[in-house]
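K.L.:
The structure is given below, and queries will be raised subsequently.
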Amino acid sequence: MKGGFMRCNTKWSDVDDVLIPINCKKDWHWILARLNFKDRCIYVYNSLRSARQDKSANEYVKCYSELVPILLEEIKFFDSRPDIDTTTGPYEGKRLSDPFRIENVENLPVQTDIDCGVHMFCAAEFFVKGKVMGPDFDIKQHRARYASALYLYSTWKEDSVVESDDEAPPRLRRVGG
């Protein structure tokens, strides 16, 4: 959104965590995965907590846990991260291409309605702001806050005659093609 700072073009070598929204299509459900390089782990934020829901969400995350390490090894990611010791801690006894550990984040608010998308956005927002989604989490309040922000943003865009492409960073031109 206009006025916000998007880090979508930040190199993975410059961050410790990557947030990944995941649509669990067969469950009609959204979860958030947080890839942490130092812990060698993918943390799963799932607003539907049960053994069946955890298993289903982890099946979606498993693909990332297996493919990301292979990608990181191929692009020599760890050569650009001297702060990560790949011989001790969570990396000890593992090959760089071994799957990342998957861990479900505990004590999250459980959704009672069809608000998994709002829960997912809130989990991302709270993580980025260093906050915890505690027992006082009020989904109705956050749903209203997001709806208001989107409405105000859309009216600003309409009044200012701004299109989304106007806000995007300039596209790089391909050379020779």
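Here's how to read the names in the structure tokens: chain A, B, ... by the order shown, residue numbers from 1 in each chain, ligand numbers from 1 in the order shown.
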Report as a Markdown table the residues of segment 23-66 of chain A within 10 Å of segment 8-19 of chain A, each with its shortest atom pair and distance in Å (one decimal), using only C-alpha atoms, ordered by chain and increasing residue number.
P.N.:
```
| residue | atom | partner | partner_atom | distance |
| --- | --- | --- | --- | --- |
| A:Leu32 | CA | A:Leu19 | CA | 6.9 |
| A:Ala33 | CA | A:Leu19 | CA | 5.9 |
| A:Arg34 | CA | A:Leu19 | CA | 4.6 |
| A:Leu35 | CA | A:Val18 | CA | 5.0 |
| A:Asn36 | CA | A:Asp17 | CA | 4.6 |
| A:Phe37 | CA | A:Asp16 | CA | 5.8 |
| A:Lys38 | CA | A:Asp16 | CA | 6.8 |
| A:Asp39 | CA | A:Asp16 | CA | 9.2 |
| A:Cys41 | CA | A:Asp17 | CA | 9.9 |
| A:Ile42 | CA | A:Asp17 | CA | 9.3 |
| A:Tyr43 | CA | A:Leu19 | CA | 9.5 |
```
K.L.:
Have a look at atom CA of Leu108 of chain A and atom CA of Leu48 of chain A and let me know their distance in Å, one decimal.
P.N.:
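Straight-line distance from atom CA of Leu108 of chain A to atom CA of Leu48 of chain A works out to 9.3 Å.
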K.L.:
According to DSSP computed on the backbone, where in chain A is there helix (DSSP H, G or I)? Give the residues as a PyMOL selection string.
P.N.:
chain A and resi 12-14+25-27+51-74+77-80+89-91+116-129+139-160+164-167
K.L.:
Check the DSSP output for the backbone and give back, as a list of chain:residue names, the residues of segment 22-112 of chain A in strand (DSSP E).
P.N.:
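Here is the list: A:Ile22, A:Asn23, A:Cys24, A:His29, A:Trp30, A:Ile31, A:Leu32, A:Ala33, A:Arg34, A:Leu35, A:Asn36, A:Cys41, A:Ile42, A:Tyr43, A:Val44, A:Tyr45, A:Arg101, A:Ile102, A:Glu103, A:Asn104.
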K.L.:
Find the residues near Pro109 of chain A: any atom within 10 Å, counting only C-alpha atoms, skip ones fewer than 5 places away on the same chain, and give them as a ChimeraX atom specification.
P.N.:
/A:45-49,119,123,133-139
K.L.:
Within 12 Å of Phe77 of chain A, counting only C-alpha atoms, which residues show up once you throw out same-chain ones fewer than 3 positions away? Write them as a PyMOL selection string, please.
P.N.:
chain A and resi 11-15+37+68-74+80-84+86+96-97
